[in-house]
Every structure is written in C-alpha cells, then in structure tokens.
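What follows is the content of protein37.cif, which has mmCIF, C-alpha atoms:
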data_coords
#
loop_
_atom_site.group_PDB
_atom_site.id
_atom_site.type_symbol
_atom_site.label_atom_id
_atom_site.label_comp_id
_atom_site.auth_asym_id
_atom_site.auth_seq_id
_atom_site.Cartn_x
_atom_site.Cartn_y
_atom_site.Cartn_z
ATOM 1 C CA MET A 278 -79.136 -3.408 -48.476
ATOM 2 C CA LEU A 279 -79.439 -1.108 -45.716
ATOM 3 C CA THR A 280 -82.113 -1.506 -43.112
ATOM 4 C CA SER A 281 -82.184 0.380 -39.907
ATOM 5 C CA GLY A 282 -78.451 1.044 -39.939
ATOM 6 C CA ILE A 283 -77.378 -2.562 -40.287
ATOM 7 C CA ILE A 284 -75.837 -3.810 -43.470
ATOM 8 C CA LEU A 285 -76.958 -7.206 -44.424
ATOM 9 C CA LEU A 286 -74.741 -9.057 -46.815
ATOM 10 C CA SER A 287 -75.884 -11.781 -48.859
ATOM 11 C CA GLY A 288 -74.511 -14.844 -47.247
ATOM 12 C CA GLY A 289 -72.882 -15.100 -43.845
ATOM 13 C CA LEU A 290 -69.413 -14.487 -42.600
ATOM 14 C CA LEU A 291 -68.600 -18.118 -42.681
ATOM 15 C CA SER A 292 -69.724 -18.755 -46.193
ATOM 16 C CA PRO A 293 -66.811 -18.430 -48.656
ATOM 17 C CA ASN A 294 -66.994 -16.044 -51.582
ATOM 18 C CA PRO A 295 -64.404 -17.043 -54.249
ATOM 19 C CA GLY A 296 -64.231 -13.586 -55.850
ATOM 20 C CA LEU A 297 -63.546 -11.907 -52.555
ATOM 21 C CA ILE A 298 -60.890 -14.471 -51.681
ATOM 22 C CA PHE A 299 -59.187 -13.992 -55.062
ATOM 23 C CA TRP A 300 -59.079 -10.192 -54.877
ATOM 24 C CA THR A 301 -57.988 -10.277 -51.235
ATOM 25 C CA ALA A 302 -55.104 -12.599 -52.174
ATOM 26 C CA VAL A 303 -54.154 -10.420 -55.176
ATOM 27 C CA THR A 304 -54.239 -7.285 -53.028
ATOM 28 C CA PHE A 305 -52.162 -9.005 -50.350
ATOM 29 C CA VAL A 306 -49.518 -10.107 -52.870
ATOM 30 C CA ILE A 307 -49.384 -6.604 -54.402
ATOM 31 C CA VAL A 308 -49.033 -4.976 -50.984
ATOM 32 C CA LEU A 309 -46.387 -7.592 -50.110
ATOM 33 C CA LEU A 310 -44.397 -6.829 -53.284
ATOM 34 C CA ILE A 311 -44.650 -3.101 -52.718
ATOM 35 C CA LEU A 312 -43.530 -3.489 -49.135
ATOM 36 C CA LYS A 313 -40.668 -5.757 -50.234
ATOM 37 C CA GLN A 314 -39.478 -3.175 -52.738
ATOM 38 C CA LEU A 315 -39.962 -0.081 -50.620
ATOM 39 C CA ALA A 316 -39.938 -0.970 -46.901
ATOM 40 C CA TRP A 317 -38.345 -4.398 -46.467
ATOM 41 C CA GLY A 318 -34.759 -3.265 -47.286
ATOM 42 C CA PRO A 319 -34.749 -0.268 -44.979
ATOM 43 C CA ILE A 320 -36.388 -2.284 -42.165
ATOM 44 C CA ILE A 321 -33.818 -5.101 -42.490
ATOM 45 C CA SER A 322 -30.902 -2.624 -42.697
ATOM 46 C CA ALA A 323 -32.252 -0.754 -39.636
ATOM 47 C CA LEU A 324 -32.544 -4.060 -37.766
ATOM 48 C CA GLU A 325 -29.004 -5.070 -38.793
ATOM 49 C CA GLU A 326 -27.683 -1.646 -37.786
ATOM 50 C CA ARG A 327 -29.475 -1.923 -34.438
ATOM 51 C CA GLU A 328 -28.025 -5.436 -33.957
ATOM 52 C CA LYS A 329 -24.515 -4.105 -34.685
ATOM 53 C CA GLY A 330 -25.057 -1.218 -32.228
ATOM 54 C CA ILE A 331 -26.247 -3.599 -29.521
ATOM 55 C CA GLN A 332 -23.314 -5.968 -30.167
ATOM 56 C CA SER A 333 -20.907 -3.003 -30.033
ATOM 57 C CA SER A 334 -22.408 -1.879 -26.729
ATOM 58 C CA ILE A 335 -22.101 -5.409 -25.342
ATOM 59 C CA ASP A 336 -18.462 -5.606 -26.487
ATOM 60 C CA ARG A 337 -17.689 -2.210 -24.932
ATOM 61 C CA ALA A 338 -19.393 -3.293 -21.701
ATOM 62 C CA HIS A 339 -17.300 -6.488 -21.614
ATOM 63 C CA SER A 340 -14.079 -4.566 -22.242
ATOM 64 C CA ALA A 341 -15.028 -1.990 -19.587
ATOM 65 C CA LYS A 342 -15.780 -4.823 -17.147
ATOM 66 C CA ASP A 343 -12.422 -6.477 -17.920
ATOM 67 C CA GLU A 344 -10.636 -3.148 -17.518
ATOM 68 C CA ALA A 345 -12.425 -2.464 -14.217
ATOM 69 C CA GLU A 346 -11.484 -5.929 -12.945
ATOM 70 C CA ALA A 347 -7.847 -5.326 -13.957
ATOM 71 C CA ILE A 348 -7.856 -1.975 -12.149
ATOM 72 C CA LEU A 349 -9.457 -3.605 -9.111
ATOM 73 C CA ARG A 350 -6.780 -6.338 -9.075
ATOM 74 C CA LYS A 351 -4.089 -3.683 -9.454
ATOM 75 C CA ASN A 352 -5.593 -1.630 -6.607
ATOM 76 C CA ARG A 353 -5.791 -4.705 -4.378
ATOM 77 C CA ASP A 354 -2.156 -5.531 -5.148
ATOM 78 C CA MET A 355 -1.128 -1.952 -4.408
ATOM 79 C CA LEU A 356 -3.133 -1.992 -1.170
ATOM 80 C CA ALA A 357 -1.492 -5.264 -0.116
ATOM 81 C CA LYS A 358 1.938 -3.804 -0.914
ATOM 82 C CA ALA A 359 1.077 -0.648 1.023
ATOM 83 C CA ASP A 360 -0.019 -2.764 4.010
ATOM 84 C CA LEU A 361 3.241 -4.705 3.909
ATOM 85 C CA GLU A 362 5.229 -1.497 3.560
ATOM 86 C CA SER A 363 3.413 0.140 6.486
ATOM 87 C CA GLU A 364 3.997 -2.950 8.644
ATOM 88 C CA ARG A 365 7.686 -2.889 7.687
ATOM 89 C CA ILE A 366 7.971 0.827 8.489
ATOM 90 C CA ILE A 367 6.235 0.351 11.857
ATOM 91 C CA ARG A 368 8.457 -2.627 12.680
ATOM 92 C CA GLU A 369 11.602 -0.690 11.698
ATOM 93 C CA GLY A 370 10.411 2.301 13.734
ATOM 94 C CA LYS A 371 9.910 0.121 16.800
ATOM 95 C CA GLU A 372 13.319 -1.507 16.295
ATOM 96 C CA TYR A 373 14.953 1.885 15.830
ATOM 97 C CA GLY A 374 13.218 3.253 18.940
ATOM 98 C CA GLU A 375 14.346 0.262 20.992
ATOM 99 C CA LYS A 376 17.896 0.581 19.662
ATOM 100 C CA LEU A 377 17.901 4.315 20.382
ATOM 101 C CA ARG A 378 16.574 3.677 23.900
ATOM 102 C CA GLN A 379 19.325 1.133 24.544
ATOM 103 C CA GLU A 380 21.981 3.473 23.170
ATOM 104 C CA MET A 381 20.699 6.321 25.334
ATOM 105 C CA ALA A 382 20.673 4.061 28.412
ATOM 106 C CA GLU A 383 24.231 2.934 27.656
ATOM 107 C CA LYS A 384 25.348 6.528 27.117
ATOM 108 C CA ALA A 385 23.691 7.544 30.383
ATOM 109 C CA GLN A 386 25.471 4.721 32.212
ATOM 110 C CA VAL A 387 28.804 5.662 30.639
ATOM 111 C CA GLU A 388 28.207 9.318 31.498
ATOM 112 C CA ALA A 389 27.245 8.407 35.068
ATOM 113 C CA LYS A 390 30.397 6.310 35.415
ATOM 114 C CA LYS A 391 32.457 9.214 34.056
ATOM 115 C CA MET A 392 30.786 11.619 36.487
ATOM 116 C CA ILE A 393 31.391 9.239 39.396
ATOM 117 C CA ALA A 394 35.022 8.759 38.368
ATOM 118 C CA SER A 395 35.428 12.515 37.959
ATOM 119 C CA ALA A 396 33.870 13.120 41.385
ATOM 120 C CA LYS A 397 36.150 10.488 42.935
ATOM 121 C CA ASP A 398 39.165 12.119 41.271
ATOM 122 C CA GLU A 399 38.063 15.531 42.505
ATOM 123 C CA ILE A 400 37.526 14.188 46.027
ATOM 124 C CA GLU A 401 40.939 12.525 45.914
ATOM 125 C CA GLN A 402 42.547 15.793 44.729
ATOM 126 C CA GLU A 403 40.801 17.765 47.475
ATOM 127 C CA LYS A 404 41.910 15.159 50.010
ATOM 128 C CA ARG A 405 45.512 15.490 48.794
ATOM 129 C CA ARG A 406 45.304 19.269 48.967
ATOM 130 C CA ALA A 407 43.884 19.110 52.488
ATOM 131 C CA LEU A 408 46.605 16.663 53.512
ATOM 132 C CA ASP A 409 49.231 18.921 51.930
ATOM 133 C CA VAL A 410 47.838 21.923 53.816
ATOM 134 C CA LEU A 411 47.719 19.877 57.013
ATOM 135 C CA ARG A 412 51.283 18.655 56.478
ATOM 136 C CA ASN A 413 52.450 22.185 55.850
ATOM 137 C CA GLU A 414 50.725 23.384 59.039
ATOM 138 C CA VAL A 415 52.125 20.484 61.050
ATOM 139 C CA ALA A 416 55.564 21.158 59.598
ATOM 140 C CA ASP A 417 55.240 24.850 60.391
ATOM 141 C CA LEU A 418 54.107 24.042 63.918
ATOM 142 C CA ALA A 419 56.894 21.542 64.348
ATOM 143 C CA ILE A 420 59.389 24.116 63.134
ATOM 144 C CA MET A 421 57.927 26.731 65.460
ATOM 145 C CA GLY A 422 58.011 24.272 68.331
ATOM 146 C CA ALA A 423 61.571 23.333 67.531
ATOM 147 C CA GLU A 424 62.534 27.007 67.360
ATOM 148 C CA LYS A 425 61.013 27.651 70.775
ATOM 149 C CA ILE A 426 62.644 24.537 72.224
ATOM 150 C CA ILE A 427 65.993 25.519 70.837
ATOM 151 C CA LYS A 428 65.626 29.080 72.107
ATOM 152 C CA SER A 429 64.823 28.007 75.605
ATOM 153 C CA SER A 430 66.413 25.529 77.902
ATOM 154 C CA LEU A 431 65.464 21.875 77.783
ATOM 155 C CA ASP A 432 64.124 21.358 81.280
ATOM 156 C CA ALA A 433 60.809 19.536 81.709
ATOM 157 C CA ASP A 434 58.797 22.450 82.996
ATOM 158 C CA THR A 435 59.896 24.658 80.148
ATOM 159 C CA GLN A 436 59.111 21.959 77.568
ATOM 160 C CA LYS A 437 55.672 21.495 79.070
ATOM 161 C CA LYS A 438 55.006 25.221 78.887
ATOM 162 C CA ILE A 439 56.210 25.311 75.268
ATOM 163 C CA VAL A 440 53.931 22.405 74.259
ATOM 164 C CA ASP A 441 50.967 24.014 76.030
ATOM 165 C CA SER A 442 51.738 27.272 74.267
ATOM 166 C CA MET A 443 51.879 25.497 70.875
ATOM 167 C CA ILE A 444 48.540 23.807 71.543
ATOM 168 C CA ARG A 445 46.954 27.173 72.356
ATOM 169 C CA ASP A 446 48.512 28.674 69.225
ATOM 170 C CA LEU A 447 47.250 25.750 67.179
ATOM 171 C CA ALA A 448 43.752 26.084 68.642
ATOM 172 C CA SER A 449 43.689 29.831 68.003
ATOM 173 C CA LYS A 450 44.849 29.363 64.410
ATOM 174 C CA ARG A 451 42.179 26.739 63.691
ATOM 175 C CA ASN A 452 39.387 28.980 64.919
#
As structure tokens - that is how I would like this structure written.
Amino acid sequence: MLTSGIILLSGGLLSPNPGLIFWTAVTFVIVLLILKQLAWGPIISALEEREKGIQSSIDRAHSAKDEAEAILRKNRDMLAKADLESERIIREGKEYGEKLRQEMAEKAQVEAKKMIASAKDEIEQEKRRALDVLRNEVADLAIMGAEKIIKSSLDADTQKKIVDSMIRDLASKRN
C-alpha cells in the first residue's frame, strides 16, 4: 500500500517473514555459487600473483641492500687502504727530502773543503812563484853586485858606494 509516498509493509522490520528468509538464502547461495565459478578463481589467482610480485620485490630489495652493503664495505676498505698508502707516500717523501737535504749539505761541505784546499794550493803556488821571482831578483842583484865589486877595487869607500848604488838600482826597479 502506498500512502503519501511511504510504503507500509505488513509487519515490521523486526518481525521475521519465513518466505523472505528462504528466498534471500537461496539467492545468496546461487550468487555465491556463481561467484565461486566465475570470479573466485581469477580473484584468488590475482591475489596469489600479487603476493608473488610483492615477495619478488622484497627479495630484490634484500639482495640490493646486501649488494649495497658489500659495495660500501669494499669502498671503506679501499678508502682505508688509500689513507694508508697516502700516509706511506707522505712519510717516504719526507724521508727522501730529509735524505736529499743531508746529501746536499754533505756535498756542499765536501765542495767547500775542495774549494778551500784548491785556494790554499793556489796561494801556495803563488807564494812559491813570488819566492822564485824574488830569489831570481836577489840572485841577479847579487851577481850584479859581485860584478861591480870585482870590477872595482875592494876599498871600503868604493864598496860603500857600490852598495848604495845597488840599493838605488833595486829601489828604481821595484817602482
């Protein structure tokens, strides 16, 4: 019955109607069987496929994480080795620099000693040459003096004049 737009059913919502319950149950079972035949298999297979995809993604993520950790360990090891190598190279460079500095200082000392010895030898040679020249001059003067003495008589006044003359000659030759 329809009165003013409201449908009034005989009985209330809480009062059971056995015919309605029976047909609702039959309809539910039929829909359930149809769904089991047509939709249940594809839904289950889609869920299983999704589960496999998720598990595969998880496995790949774990393997990627393990691989990243291995690479990180390898990089840390390489970095530690590089640090050790750089420290070794720096240490060897310092040692080599110190050794080179010592060698250069020793070479400089040896060279300085050689230069000093060479200068002393040169001075000694020049001294010998000067002494030789001086000896030759003295010998020449002595010979000249002896010649003059022999040429003249041996009296004291004459000898004194000869010596004075030699001294003047010597002084004039030196200037």
Exercise for review: Show which residues sit within 10 Å of A:Leu418, as an MDAnalysis selection string. Count all atoms listed in the file, and ignore same-chain residues fewer than 3 positions away.
Suggested key: chainID A and resid 412:415 421:424 443:444 446:447
Exercise for review: Quote the spacing between atom CA of A:Lys450 and atom CA of A:Lys425 in Å to one decimal place.
Suggested key: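 That distance, rounded to one decimal, is 17.5 Å.
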Taking all atoms of stretch 320-324 of chain A that the file lists and extending 6 Å past them on each side, where is the centre of the axis-aligned box and how long are its edges? Answer in Å to one decimal, as JSON.
{"center_x": -33.6, "center_y": -2.9, "center_z": -40.2, "size_x": 17.5, "size_y": 16.3, "size_z": 16.9}
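Note that atom CA of A:Ala341 and atom CA of A:Asp360 are 28.0 Å apart.
The two atoms in question, atom CA of A:Arg368 and atom CA of A:Met355, are spaced 19.6 Å apart.
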N, CA and C atoms restored at stretch 349-361 of chain A, emitted as an mmCIF file, keeping the file's coordinate frame:
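The resulting file, rebuild_18.cif, is shown below:
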data_model
loop_
_atom_site.group_PDB
_atom_site.id
_atom_site.type_symbol
_atom_site.label_atom_id
_atom_site.label_comp_id
_atom_site.auth_asym_id
_atom_site.auth_seq_id
_atom_site.Cartn_x
_atom_site.Cartn_y
_atom_site.Cartn_z
ATOM 1 N N LEU A 349 -9.164 -3.133 -10.463
ATOM 2 C CA LEU A 349 -9.457 -3.605 -9.111
ATOM 3 C C LEU A 349 -8.346 -4.523 -8.607
ATOM 4 N N ARG A 350 -7.892 -5.456 -9.457
ATOM 5 C CA ARG A 350 -6.780 -6.338 -9.075
ATOM 6 C C ARG A 350 -5.526 -5.517 -8.779
ATOM 7 N N LYS A 351 -5.268 -4.537 -9.642
ATOM 8 C CA LYS A 351 -4.089 -3.683 -9.454
ATOM 9 C C LYS A 351 -4.196 -2.908 -8.140
ATOM 10 N N ASN A 352 -5.387 -2.363 -7.858
ATOM 11 C CA ASN A 352 -5.593 -1.630 -6.607
ATOM 12 C C ASN A 352 -5.428 -2.542 -5.397
ATOM 13 N N ARG A 353 -5.944 -3.756 -5.493
ATOM 14 C CA ARG A 353 -5.791 -4.705 -4.378
ATOM 15 C C ARG A 353 -4.324 -5.042 -4.161
ATOM 16 N N ASP A 354 -3.593 -5.250 -5.268
ATOM 17 C CA ASP A 354 -2.156 -5.531 -5.148
ATOM 18 C C ASP A 354 -1.427 -4.351 -4.517
ATOM 19 N N MET A 355 -1.777 -3.144 -4.964
ATOM 20 C CA MET A 355 -1.128 -1.952 -4.408
ATOM 21 C C MET A 355 -1.468 -1.788 -2.933
ATOM 22 N N LEU A 356 -2.720 -2.089 -2.562
ATOM 23 C CA LEU A 356 -3.133 -1.992 -1.170
ATOM 24 C C LEU A 356 -2.382 -3.018 -0.321
ATOM 25 N N ALA A 357 -2.235 -4.238 -0.844
ATOM 26 C CA ALA A 357 -1.492 -5.264 -0.116
ATOM 27 C C ALA A 357 -0.033 -4.839 0.058
ATOM 28 N N LYS A 358 0.550 -4.281 -1.013
ATOM 29 C CA LYS A 358 1.938 -3.804 -0.914
ATOM 30 C C LYS A 358 2.037 -2.668 0.093
ATOM 31 N N ALA A 359 1.064 -1.773 0.075
ATOM 32 C CA ALA A 359 1.077 -0.648 1.023
ATOM 33 C C ALA A 359 0.952 -1.154 2.459
ATOM 34 N N ASP A 360 0.106 -2.178 2.671
ATOM 35 C CA ASP A 360 -0.019 -2.764 4.010
ATOM 36 C C ASP A 360 1.301 -3.356 4.459
ATOM 37 N N LEU A 361 1.947 -4.114 3.569
ATOM 38 C CA LEU A 361 3.241 -4.705 3.909
ATOM 39 C C LEU A 361 4.277 -3.629 4.200
#
